[in-house]
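model26.txt follows (compact mmCIF, C-alpha atoms):
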```txt
# COMPACT_ATOMS: atom_id res chain seq x y z
CA MET L 1 20.05 33.07 -30.54
CA ARG L 2 17.96 31.43 -27.83
CA LYS L 3 16.01 28.36 -28.91
CA LEU L 4 13.33 26.49 -27.01
CA VAL L 5 13.10 22.76 -27.73
CA THR L 6 9.71 21.17 -27.11
CA TYR L 7 9.19 17.52 -26.22
CA ASN L 8 6.14 15.31 -25.92
CA LYS L 9 5.52 13.06 -22.94
CA SER L 10 6.82 9.95 -24.70
CA GLN L 11 10.14 11.67 -25.47
CA TYR L 12 10.77 13.15 -22.02
CA LYS L 13 12.60 10.28 -20.35
CA ALA L 14 14.85 9.63 -23.34
CA LEU L 15 15.62 13.36 -23.61
CA ILE L 16 16.54 13.69 -19.93
CA ASP L 17 18.65 10.53 -20.06
CA GLN L 18 20.47 11.87 -23.10
CA LEU L 19 21.12 15.24 -21.47
CA GLY L 20 22.25 13.58 -18.25
CA ASP L 21 24.73 11.44 -20.16
CA GLY L 22 26.04 14.63 -21.71
CA GLY L 23 26.75 16.17 -18.31
CA PHE L 24 23.95 18.74 -18.41
CA LYS L 25 22.38 20.04 -15.18
CA LEU L 26 18.57 20.22 -15.31
CA MET L 27 16.51 22.86 -13.51
CA SER L 28 13.15 24.47 -13.98
CA LEU L 29 13.02 28.22 -14.47
CA LEU L 30 11.04 28.55 -11.23
CA GLU L 31 13.68 26.62 -9.29
CA LEU L 32 16.39 28.77 -10.83
CA HIS L 33 14.59 31.95 -9.81
CA GLY L 34 14.17 30.75 -6.23
CA SER L 35 17.69 29.35 -5.78
CA ASP L 36 20.01 30.81 -3.14
CA GLN L 37 22.97 29.85 -5.33
CA ILE L 38 21.90 31.77 -8.40
CA SER L 39 25.36 33.21 -9.14
CA GLU L 40 26.92 29.75 -9.03
CA LEU L 41 24.22 28.33 -11.29
CA LEU L 42 24.61 31.16 -13.77
CA SER L 43 28.20 30.05 -14.29
CA GLU L 44 27.16 26.52 -15.27
CA LYS L 45 28.48 25.70 -18.72
CA LYS L 46 26.00 22.87 -19.30
CA LEU L 47 22.68 24.06 -17.97
CA VAL L 48 19.26 22.83 -19.11
CA VAL L 49 16.26 24.92 -18.09
CA ASP L 50 12.75 23.51 -18.39
CA VAL L 51 10.19 26.31 -18.76
CA SER L 52 7.09 24.09 -18.57
CA SER L 53 6.20 25.10 -15.01
CA LEU L 54 6.53 28.79 -15.87
CA VAL L 55 4.21 29.21 -18.83
CA GLY L 56 0.94 29.04 -16.92
CA LEU L 57 2.09 31.72 -14.49
CA LEU L 58 2.89 34.31 -17.16
CA SER L 59 -0.58 34.80 -18.57
CA GLY L 60 -1.73 38.33 -17.77
CA ASP L 61 1.13 39.08 -15.36
CA LEU L 62 3.43 41.49 -17.21
CA GLN L 63 5.55 42.21 -14.14
CA LEU L 64 6.27 38.53 -13.55
CA ALA L 65 6.92 37.99 -17.25
CA SER L 66 9.49 40.80 -17.31
CA LYS L 67 11.32 39.33 -14.29
CA PHE L 68 11.71 35.95 -15.92
CA GLU L 69 12.64 37.48 -19.26
CA LEU L 70 15.45 39.33 -17.51
CA LEU L 71 16.55 36.10 -15.83
CA VAL L 72 16.62 34.27 -19.18
CA HIS L 73 18.83 36.97 -20.68
CA GLN L 74 21.23 36.65 -17.72
CA LEU L 75 21.80 32.96 -18.30
CA PRO L 76 24.86 31.77 -20.26
CA PHE L 77 24.44 31.89 -24.01
CA GLY L 78 24.89 28.12 -24.32
CA THR L 79 21.98 27.33 -21.98
CA LEU L 80 19.53 24.81 -23.42
CA TYR L 81 15.82 25.52 -22.92
CA ILE L 82 13.21 22.77 -23.09
CA GLY L 83 9.47 22.58 -22.48
CA ASP L 84 6.43 20.33 -22.73
CA ASP L 85 4.99 20.78 -26.21
CA LYS L 86 1.36 21.21 -25.18
CA THR L 87 2.23 23.71 -22.45
CA VAL L 88 4.55 25.70 -24.72
CA ASN L 89 2.05 25.80 -27.58
CA GLU L 90 -0.62 27.16 -25.26
CA GLY L 91 1.75 29.84 -23.92
CA ALA L 92 3.73 30.60 -27.06
CA TYR L 93 2.57 34.21 -27.10
CA GLN L 94 3.85 34.85 -23.57
CA LEU L 95 7.24 33.38 -24.52
CA ARG L 96 7.68 35.37 -27.73
CA THR L 97 10.13 37.90 -26.25
CA MET L 98 12.26 35.30 -24.45
CA PHE L 99 13.12 32.95 -27.32
CA ASP L 100 14.03 33.52 -30.94
CA ASP L 101 12.80 30.16 -32.14
CA ILE L 102 10.73 27.21 -30.90
CA ILE L 103 11.61 23.83 -32.42
CA GLU L 104 10.45 20.27 -31.83
CA CYS L 105 12.61 17.57 -30.24
CA ASP L 106 13.74 15.07 -32.88
CA ILE L 107 14.21 12.06 -30.59
CA GLU L 108 12.37 9.05 -32.01
CA ILE L 109 10.71 6.71 -29.54
CA ASP L 110 10.02 3.04 -30.12
CA LYS L 111 6.56 2.73 -28.59
CA ASP L 112 6.95 -0.99 -28.08
CA ALA L 113 10.18 -0.39 -26.15
CA GLN L 114 8.33 1.83 -23.69
CA LYS L 115 6.04 -0.94 -22.56
CA ASP L 116 6.86 -3.13 -19.63
CA LYS L 117 7.92 -6.46 -21.10
CA ARG L 118 7.21 -8.33 -17.87
CA VAL L 119 4.10 -10.45 -18.14
CA LYS L 120 1.94 -9.94 -15.08
CA ARG L 121 0.30 -12.91 -13.42
CA THR L 122 -3.27 -11.94 -12.65
CA LEU L 123 -6.39 -13.60 -11.34
CA VAL L 124 -8.08 -13.21 -14.71
CA SER L 125 -5.25 -14.97 -16.55
CA PHE L 126 -5.81 -18.22 -14.60
CA ASP L 127 -7.88 -21.17 -15.71
CA GLU L 128 -10.65 -22.47 -13.43
CA LEU L 129 -8.40 -24.94 -11.63
CA GLU L 130 -5.76 -22.30 -10.88
CA PHE L 131 -8.45 -19.87 -9.79
CA LYS L 132 -9.91 -22.40 -7.35
CA GLN L 133 -6.43 -22.99 -5.94
CA VAL L 134 -6.12 -19.28 -5.15
CA LEU L 135 -9.45 -19.42 -3.31
CA THR L 136 -8.34 -22.51 -1.40
CA THR L 137 -5.09 -20.84 -0.38
CA LEU L 138 -6.91 -17.75 0.88
CA GLU L 139 -9.39 -19.92 2.77
CA SER L 140 -6.66 -21.87 4.56
CA GLU L 141 -4.08 -19.14 5.11
CA LEU L 142 -6.24 -16.22 6.29
CA ILE L 143 -7.20 -16.55 9.95
CA GLY L 144 -10.91 -15.96 10.63
CA GLN L 145 -12.87 -13.42 8.55
CA ILE L 146 -15.34 -15.99 7.21
CA GLU L 147 -17.73 -13.41 5.75
CA PHE L 148 -14.94 -11.78 3.77
CA LYS L 149 -13.83 -15.11 2.32
CA ARG L 150 -17.36 -15.84 1.11
CA SER L 151 -17.73 -12.40 -0.42
CA PHE L 152 -14.30 -12.58 -2.05
CA GLU L 153 -15.14 -15.82 -3.83
CA SER L 154 -18.37 -14.51 -5.35
CA ARG L 155 -16.98 -11.07 -6.24
CA SER L 156 -13.79 -12.50 -7.74
CA ARG L 157 -15.85 -14.79 -9.99
CA SER L 158 -17.84 -11.76 -11.08
CA PHE L 159 -14.60 -9.88 -11.75
CA ARG L 160 -13.27 -12.65 -14.00
CA LEU L 161 -16.49 -12.57 -16.02
CA PHE L 162 -16.81 -8.81 -16.46
CA ASN L 163 -13.10 -8.27 -17.01
CA ALA L 164 -13.26 -10.71 -19.92
CA LEU L 165 -16.01 -8.49 -21.39
CA ASP L 166 -13.95 -5.31 -20.81
CA GLU L 167 -16.56 -4.15 -18.30
CA GLN L 168 -14.38 -4.16 -15.15
CA PRO L 169 -10.69 -3.26 -15.43
CA VAL L 170 -9.62 -4.02 -11.84
CA PHE L 171 -10.92 -5.78 -8.73
CA SER L 172 -10.78 -3.24 -5.89
CA LEU L 173 -11.13 -4.17 -2.23
CA LEU L 174 -11.54 -1.75 0.69
CA LEU L 175 -10.80 -3.59 3.93
CA LEU L 176 -11.75 -1.87 7.18
CA GLY L 177 -10.98 -2.75 10.76
CA PRO L 178 -8.47 -2.42 13.60
CA SER L 179 -4.78 -3.20 13.23
CA GLY L 180 -3.61 -6.78 13.30
CA VAL L 181 -6.76 -8.59 12.14
CA GLY L 182 -5.54 -9.69 8.70
CA LYS L 183 -6.25 -6.84 6.26
CA THR L 184 -2.70 -6.54 4.96
CA GLU L 185 -2.32 -10.31 5.14
CA VAL L 186 -4.98 -10.66 2.43
CA ALA L 187 -2.72 -8.96 -0.11
CA LYS L 188 0.31 -11.00 0.98
CA ILE L 189 -1.57 -14.29 0.68
CA LEU L 190 -3.02 -13.40 -2.72
CA CYS L 191 0.37 -12.24 -4.01
CA GLU L 192 2.04 -15.51 -3.05
CA ALA L 193 -0.86 -17.54 -4.46
CA ILE L 194 -0.97 -15.67 -7.77
CA ALA L 195 2.75 -15.01 -8.31
CA PRO L 196 4.87 -17.17 -5.98
CA CYS L 197 8.17 -15.68 -4.80
CA GLN L 198 7.37 -12.29 -6.35
CA PRO L 199 7.53 -9.11 -4.23
CA LEU L 200 4.22 -7.54 -3.27
CA PRO L 201 3.86 -4.05 -4.80
CA LYS L 202 2.90 -1.90 -1.82
CA VAL L 203 2.51 1.78 -0.99
CA ASN L 204 1.70 3.13 2.46
CA LEU L 205 -0.31 6.32 2.17
CA GLY L 206 0.67 7.27 5.71
CA ASN L 207 3.80 8.51 3.92
CA TYR L 208 1.76 10.55 1.44
CA SER L 209 -0.12 13.00 3.61
CA SER L 210 1.61 16.21 2.45
CA LYS L 211 0.37 18.49 -0.31
CA ASP L 212 3.09 17.18 -2.63
CA SER L 213 2.18 13.55 -1.96
CA LEU L 214 0.86 12.89 -5.47
CA ASN L 215 4.22 13.95 -6.91
CA SER L 216 5.96 11.41 -4.69
CA LEU L 217 3.51 8.74 -5.76
CA ILE L 218 3.64 9.18 -9.53
CA GLY L 219 6.69 11.45 -9.92
CA SER L 220 7.31 15.19 -9.94
CA PRO L 221 5.94 17.25 -12.81
CA ARG L 222 8.23 17.46 -15.77
CA GLY L 223 10.51 20.46 -15.59
CA TYR L 224 11.45 20.12 -11.93
CA MET L 225 14.97 19.17 -10.93
CA GLY L 226 15.05 15.58 -9.75
CA SER L 227 11.90 14.72 -11.66
CA GLU L 228 11.71 10.97 -11.97
CA GLU L 229 9.31 8.06 -11.94
CA GLY L 230 7.26 7.92 -8.74
CA GLU L 231 7.22 5.13 -6.19
CA LEU L 232 4.01 3.56 -7.46
CA GLY L 233 5.33 2.90 -10.94
CA LYS L 234 8.59 1.51 -9.59
CA LYS L 235 6.82 -0.89 -7.24
CA ILE L 236 4.49 -2.18 -9.97
CA ASP L 237 7.30 -2.59 -12.50
CA SER L 238 9.48 -4.49 -10.01
CA SER L 239 7.08 -7.43 -9.70
CA ASP L 240 5.24 -9.90 -11.91
CA ALA L 241 2.36 -9.99 -9.43
CA GLY L 242 -0.93 -8.52 -10.65
CA ILE L 243 -1.80 -7.21 -7.22
CA LEU L 244 -1.26 -3.90 -5.43
CA LEU L 245 -1.54 -3.13 -1.72
CA VAL L 246 -2.46 0.42 -0.67
CA ASP L 247 -2.14 0.72 3.11
CA GLU L 248 -3.61 3.41 5.40
CA PHE L 249 -5.83 4.79 2.66
CA GLU L 250 -7.59 7.17 5.03
CA LYS L 251 -4.39 9.22 5.50
CA ALA L 252 -4.07 10.23 1.85
CA GLU L 253 -4.60 13.74 0.54
CA PRO L 254 -7.71 14.42 -1.60
CA ALA L 255 -5.44 14.69 -4.67
CA VAL L 256 -4.30 11.11 -4.09
CA TRP L 257 -7.90 9.96 -3.62
CA ASN L 258 -8.80 11.58 -6.94
CA PHE L 259 -5.86 9.83 -8.58
CA PHE L 260 -7.10 6.43 -7.40
CA LEU L 261 -10.66 7.37 -8.33
CA ASP L 262 -9.52 7.65 -11.94
CA LEU L 263 -7.30 4.57 -11.70
CA LEU L 264 -10.18 2.39 -10.52
CA GLU L 265 -12.30 3.68 -13.37
CA THR L 266 -9.78 3.16 -16.17
CA GLY L 267 -7.38 0.51 -14.86
CA SER L 268 -4.32 2.52 -15.86
CA PHE L 269 -2.37 5.68 -15.08
CA THR L 270 0.33 7.80 -16.70
CA ASP L 271 3.28 8.82 -14.54
CA SER L 272 5.18 12.10 -14.71
CA GLN L 273 7.59 10.67 -17.27
CA GLY L 274 4.78 10.02 -19.71
CA MET L 275 4.89 6.25 -19.16
CA GLU L 276 1.55 4.49 -19.05
CA HIS L 277 1.10 1.73 -16.47
CA ASP L 278 -1.56 -0.83 -17.30
CA LEU L 279 -3.18 -2.40 -14.22
CA ARG L 280 -6.06 -4.07 -15.98
CA GLY L 281 -6.64 -7.46 -14.40
CA PHE L 282 -5.08 -6.38 -11.11
CA ILE L 283 -6.47 -6.88 -7.62
CA ILE L 284 -5.99 -3.64 -5.68
CA VAL L 285 -6.31 -4.03 -1.92
CA PHE L 286 -6.93 -0.83 0.05
CA THR L 287 -6.74 -0.99 3.85
CA THR L 288 -7.90 1.48 6.46
CA ASN L 289 -8.19 1.61 10.24
CA CYS L 290 -11.20 3.90 9.85
CA PRO L 291 -14.14 2.66 11.99
CA LEU L 292 -17.06 1.30 10.02
CA GLY L 293 -19.38 3.96 11.45
CA LYS L 294 -17.19 6.80 10.14
CA ILE L 295 -16.52 5.49 6.67
CA ASN L 296 -19.04 7.78 4.95
CA GLU L 297 -17.70 10.91 6.59
CA THR L 298 -14.07 9.95 5.93
CA PHE L 299 -14.18 9.11 2.22
CA PRO L 300 -16.07 10.85 -0.62
CA ALA L 301 -19.18 9.01 -1.77
CA GLU L 302 -17.97 8.86 -5.37
CA LEU L 303 -14.80 7.12 -4.21
CA LEU L 304 -16.62 4.57 -2.05
CA SER L 305 -18.86 3.70 -4.98
CA ARG L 306 -15.81 2.60 -7.00
CA PHE L 307 -14.86 -0.27 -4.67
CA ASN L 308 -16.01 -3.69 -5.84
CA LEU L 309 -15.88 -5.16 -2.35
CA MET L 310 -15.95 -3.42 1.03
CA SER L 311 -15.48 -5.64 4.05
CA HIS L 312 -15.13 -4.94 7.75
CA PHE L 313 -12.60 -7.19 9.46
CA SER L 314 -13.70 -8.04 12.99
CA LYS L 315 -11.45 -8.86 15.93
CA LEU L 316 -10.21 -12.43 15.95
CA SER L 317 -11.92 -14.88 18.28
CA VAL L 318 -10.04 -16.87 20.91
CA SER L 319 -10.35 -19.99 18.75
CA ASP L 320 -8.90 -18.06 15.78
CA LYS L 321 -5.90 -16.99 17.85
CA LYS L 322 -5.39 -20.51 19.22
CA PHE L 323 -5.43 -21.84 15.69
CA PHE L 324 -2.82 -19.26 14.68
CA VAL L 325 -0.45 -20.13 17.55
CA GLU L 326 -0.81 -23.87 16.98
CA ARG L 327 -0.18 -23.53 13.26
CA TYR L 328 2.75 -21.15 13.67
CA VAL L 329 4.54 -23.29 16.27
CA SER L 330 3.91 -26.48 14.28
CA MET L 331 5.31 -24.88 11.10
CA PHE L 332 8.36 -23.67 13.03
CA ALA L 333 8.96 -27.09 14.55
CA LYS L 334 8.76 -28.76 11.13
CA LYS L 335 11.25 -26.32 9.61
CA TYR L 336 13.50 -26.56 12.68
CA ARG L 337 13.71 -30.34 12.44
CA GLU L 338 14.46 -30.18 8.71
CA THR L 339 17.01 -27.36 8.62
CA ALA L 340 18.44 -26.72 12.11
CA PRO L 341 22.22 -27.33 12.32
CA SER L 342 23.56 -30.15 14.43
CA GLY L 343 24.19 -29.38 18.06
CA LEU L 344 20.81 -27.77 18.68
CA PRO L 345 18.41 -29.56 21.03
CA THR L 346 15.63 -31.81 19.77
CA LEU L 347 12.12 -30.38 20.03
CA PRO L 348 9.40 -32.46 21.70
CA ASP L 349 6.48 -33.69 19.61
CA ASP L 350 4.03 -31.80 21.82
CA ILE L 351 5.71 -28.39 21.51
CA ALA L 352 2.56 -26.86 19.95
CA ASP L 353 0.44 -28.09 22.87
CA ARG L 354 2.91 -26.60 25.34
CA ALA L 355 2.79 -23.28 23.52
CA MET L 356 -1.01 -23.27 23.69
CA MET L 357 -0.86 -23.81 27.44
CA GLU L 358 1.86 -21.28 28.27
CA ILE L 359 1.17 -18.35 25.91
CA ASP L 360 -1.47 -15.88 27.10
CA ILE L 361 -3.52 -15.90 23.93
CA GLU L 362 -6.19 -13.57 25.25
CA ALA L 363 -3.70 -10.82 26.17
CA THR L 364 -3.88 -9.14 22.75
CA GLU L 365 -6.29 -8.68 19.85
CA ASN L 366 -3.48 -7.92 17.39
CA ILE L 367 -2.21 -10.91 15.43
CA ARG L 368 1.16 -9.22 14.83
CA ILE L 369 1.72 -8.82 18.56
CA LEU L 370 0.59 -12.40 19.13
CA LYS L 371 3.07 -13.55 16.49
CA ASN L 372 5.91 -11.69 18.23
CA THR L 373 4.85 -13.16 21.57
CA THR L 374 4.86 -16.64 20.05
CA ARG L 375 8.29 -16.12 18.53
CA SER L 376 9.65 -14.98 21.91
CA TRP L 377 8.18 -18.07 23.57
CA ILE L 378 9.78 -20.34 20.94
CA SER L 379 13.15 -18.64 21.35
CA GLU L 380 13.06 -19.01 25.13
CA PHE L 381 11.92 -22.63 24.84
CA VAL L 382 14.80 -23.54 22.51
CA GLU L 383 17.32 -21.72 24.72
CA LYS L 384 16.13 -23.56 27.84
CA ALA L 385 16.30 -26.86 25.97
CA ARG L 386 19.81 -26.04 24.79
CA LYS L 387 21.01 -25.26 28.30
CA SER L 388 19.41 -28.41 29.70
CA SER L 389 20.99 -30.48 26.95
CA SER L 390 24.37 -28.90 27.60
CA ILE L 391 24.25 -29.69 31.32
CA ALA L 392 23.11 -33.26 30.68
CA THR L 393 25.99 -33.95 28.29
CA GLN L 394 28.71 -32.20 30.30
CA PRO L 395 31.36 -34.79 31.40
CA SER L 396 31.79 -35.42 35.14
CA ILE L 397 34.99 -34.18 36.74
CA ILE L 398 36.52 -36.59 39.27
CA ASN L 399 39.15 -35.28 41.59
CA ALA L 400 41.59 -38.14 42.08
CA GLN L 401 43.67 -38.13 45.20
CA THR L 402 47.04 -39.81 45.24
```
Please go through the file and, once you have read it, give me the structure as structure tokens.
Amino acid sequence: MRKLVTYNKSQYKALIDQLGDGGFKLMSLLELHGSDQISELLSEKKLVVDVSSLVGLLSGDLQLASKFELLVHQLPFGTLYIGDDKTVNEGAYQLRTMFDDIIECDIEIDKDAQKDKRVKRTLVSFDELEFKQVLTTLESELIGQIEFKRSFESRSRSFRLFNALDEQPVFSLLLLGPSGVGKTEVAKILCEAIAPCQPLPKVNLGNYSSKDSLNSLIGSPRGYMGSEEGELGKKIDSSDAGILLVDEFEKAEPAVWNFFLDLLETGSFTDSQGMEHDLRGFIIVFTTNCPLGKINETFPAELLSRFNLMSHFSKLSVSDKKFFVERYVSMFAKKYRETAPSGLPTLPDDIADRAMMEIDIEATENIRILKNTTRSWISEFVEKARKSSSIATQPSIINAQT
């Protein structure tokens, strides 16, 4: 007697964990049909087959239905069949000749246990003094981009107001501009200001340009072997920071754009395991290298209308880059003097001035490249100082003649 056990989305993870602990091998019926190792799989003593992905394909296709019915009857008698309850109920008629009985999963789920117990630190949870400190940190840490800083202050105040009234779930930023001008740095600065020492939840959509990219982001559909929570949920759950960075947004597939369209509207999403992730109160920073003049032809109008703040980051001025080098070298020198082990040379008080004179600040527009150049200069400076110090302290050798 072949039984089909149905589960709801809240039961799925617990069911799969329970089956995995019992040594069962999970496959979807479609995967089983397409496997090159079908004979080996048919000999599995503990096989679980999820039929969820099959049901929608059977409607009206008698030939396909007969093929899968034959496959089901070839499987070992002890095979366990499972399926999403909504999908199975809709396709119960097509499954009538494959299974003798359809029963509901009896796993009980503690709804409170499903929720992420970590308390997120968000901009809307701060009092006025803490909020002003975040603004001050962004003002001092972000190089240049004066117009963005002004806009961020006014829009973030608006966000705090309308979020309190349940009128705006998230604060979404779309930052445009060339590489190395501070777009990603915005998210890093805000993360450290809002939730110090917490990792920044980040996804790079340059890695999600395939047709299956949404599955990678939020998890594969239930019923597929290897189905698990997607990267987005894992990144959010791993941090207490109420901020998310979405890099290279222009490279995403339309399905991913549609996903974020809904997320920005509701402030939450449900992953493939049926777990709901609540991002209300979050700042979501989207970055793109798309030129300002091509923004309307790159992104759908309905998506652009969802962003609370769009800002074009311009190239950094010479004075901005000088400020960066001076600050970076000064910070290094301070840390070096406080933590460097004995035996290393002493740095001069004017090391930042020397760096400003010797580094070709105008050679690049990219702050990351300028940072690497500055680090190389520091390393060479310390090495030269070490060698000079070593020569100066080397004892003289006197050849005595007798």
Contact residues around Arg2 of chain L with all atoms listed in the file at 10 Å, ignoring same-chain residues under 5 positions, as a compact mmCIF listing (two decimals) with C-alpha atoms, in the frame of the given file:
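The new file around_14.txt reads:
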```
# COMPACT_ATOMS: atom_id res chain seq x y z
CA VAL L 72 16.62 34.27 -19.18
CA HIS L 73 18.83 36.97 -20.68
CA PHE L 77 24.44 31.89 -24.01
CA GLY L 78 24.89 28.12 -24.32
CA THR L 79 21.98 27.33 -21.98
CA LEU L 80 19.53 24.81 -23.42
CA TYR L 81 15.82 25.52 -22.92
CA MET L 98 12.26 35.30 -24.45
CA PHE L 99 13.12 32.95 -27.32
CA ASP L 100 14.03 33.52 -30.94
CA ASP L 101 12.80 30.16 -32.14
CA ILE L 102 10.73 27.21 -30.90
```
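For Val134 of chain L, the residues within 10 Å (counting only C-alpha atoms, excluding itself and residues fewer than 2 positions away along the chain) are Leu123, Phe126, Glu128, Leu129, Glu130, Phe131, Lys132, Thr136, Thr137, Leu138, Glu139, Glu153, Ile189, Leu190, Cys191, Glu192, Ala193 and Ile194 of chain L.
Note that atom CA of Ala352 of chain L and atom CA of Val329 of chain L are 5.5 Å apart.
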> With distances taken over all atoms listed in the file, which of L:Leu263, L:Glu248, L:Gly293, L:Ala241 is nearest to Thr184 of chain L?
Replying inline: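 Of the candidates, the smallest distance to Thr184 of chain L is held by L:Glu248.
Considering the residues L:Ile143, L:Ile243, L:Ala187, L:Leu173 and counting all atoms listed in the file, Tyr328 of chain L has its shortest atom-to-atom contact with L:Ile143.
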>> Just want the 12 Å neighbourhood of Arg306 of chain L, counted on only C-alpha atoms, with same-chain residues fewer than 5 positions away dropped. Output as a ChimeraX atom specification.
In response: /L:168-174,257-258,260-267,284,286,299-301
Report the centre and edge lengths, in Å to one decimal, of an axis-aligned box enclosing every atom of segment 163-168 of chain L listed in the file, padded by 6 Å on each side, as AutoDock Vina command-line options.
```
--center_x -14.8 --center_y -7.4 --center_z -18.3 --size_x 15.5 --size_y 18.6 --size_z 18.2
```
>> So, with all atoms listed in the file as the atoms that count, which of L:Ser376, L:Thr87, L:Ser125, L:Thr270 lies closest to Gly242 of chain L?
In response: L:Ser125
> Hey, can you check how far atom CA of Lys371 of chain L sits from atom CA of Val325 of chain L?
Replying inline: 7.5 Å
Could you pull the residues within 12 Å of Arg327 of chain L, counting only C-alpha atoms, minus those fewer than 4 positions along the same chain, as an mmCIF file with C-alpha atoms, in the coordinates of the input?
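See part_17.cif below for the written result:
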```cif
data_model
loop_
_atom_site.group_PDB
_atom_site.id
_atom_site.type_symbol
_atom_site.label_atom_id
_atom_site.label_comp_id
_atom_site.auth_asym_id
_atom_site.auth_seq_id
_atom_site.Cartn_x
_atom_site.Cartn_y
_atom_site.Cartn_z
ATOM 1 C CA SER L 140 -6.660 -21.870 4.560
ATOM 2 C CA GLU L 141 -4.080 -19.140 5.110
ATOM 3 C CA LEU L 142 -6.240 -16.220 6.290
ATOM 4 C CA ILE L 143 -7.200 -16.550 9.950
ATOM 5 C CA ASP L 320 -8.900 -18.060 15.780
ATOM 6 C CA LYS L 321 -5.900 -16.990 17.850
ATOM 7 C CA LYS L 322 -5.390 -20.510 19.220
ATOM 8 C CA PHE L 323 -5.430 -21.840 15.690
ATOM 9 C CA MET L 331 5.310 -24.880 11.100
ATOM 10 C CA PHE L 332 8.360 -23.670 13.030
ATOM 11 C CA ALA L 333 8.960 -27.090 14.550
ATOM 12 C CA LYS L 334 8.760 -28.760 11.130
ATOM 13 C CA ILE L 351 5.710 -28.390 21.510
ATOM 14 C CA ALA L 352 2.560 -26.860 19.950
ATOM 15 C CA ASP L 353 0.440 -28.090 22.870
ATOM 16 C CA ALA L 355 2.790 -23.280 23.520
ATOM 17 C CA MET L 356 -1.010 -23.270 23.690
ATOM 18 C CA LYS L 371 3.070 -13.550 16.490
ATOM 19 C CA THR L 374 4.860 -16.640 20.050
#
```
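Atom CA of Glu250 of chain L is found 20.2 Å from atom CA of Lys188 of chain L.
Taking all atoms listed in the file into account, His277 of chain L lies nearest to L:Leu232 out of the set L:Leu232, L:Leu135, L:Ile361, L:Leu161.
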>> Let me make sure I understand: among L:Leu70, L:Val186, L:Val51, L:Leu279, which one has the smallest atom-to-atom distance to Val124 of chain L if we use all atoms listed in the file?
In response: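 Between L:Leu70, L:Val186, L:Val51, L:Leu279, the residue approaching Val124 of chain L most closely is L:Leu279.
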> With only C-alpha atoms as the atoms that count, which of L:Ser52, L:Ser319, L:Thr287, L:Asn366 lies nearest to Phe307 of chain L?
Replying inline: L:Thr287
> Residues at most 9 Å from Ser213 of chain L, counting all atoms listed in the file, excluding those fewer than 5 positions away in the same chain, as a ChimeraX atom specification?
Replying inline: /L:205,207-208,218,252-253,255-256
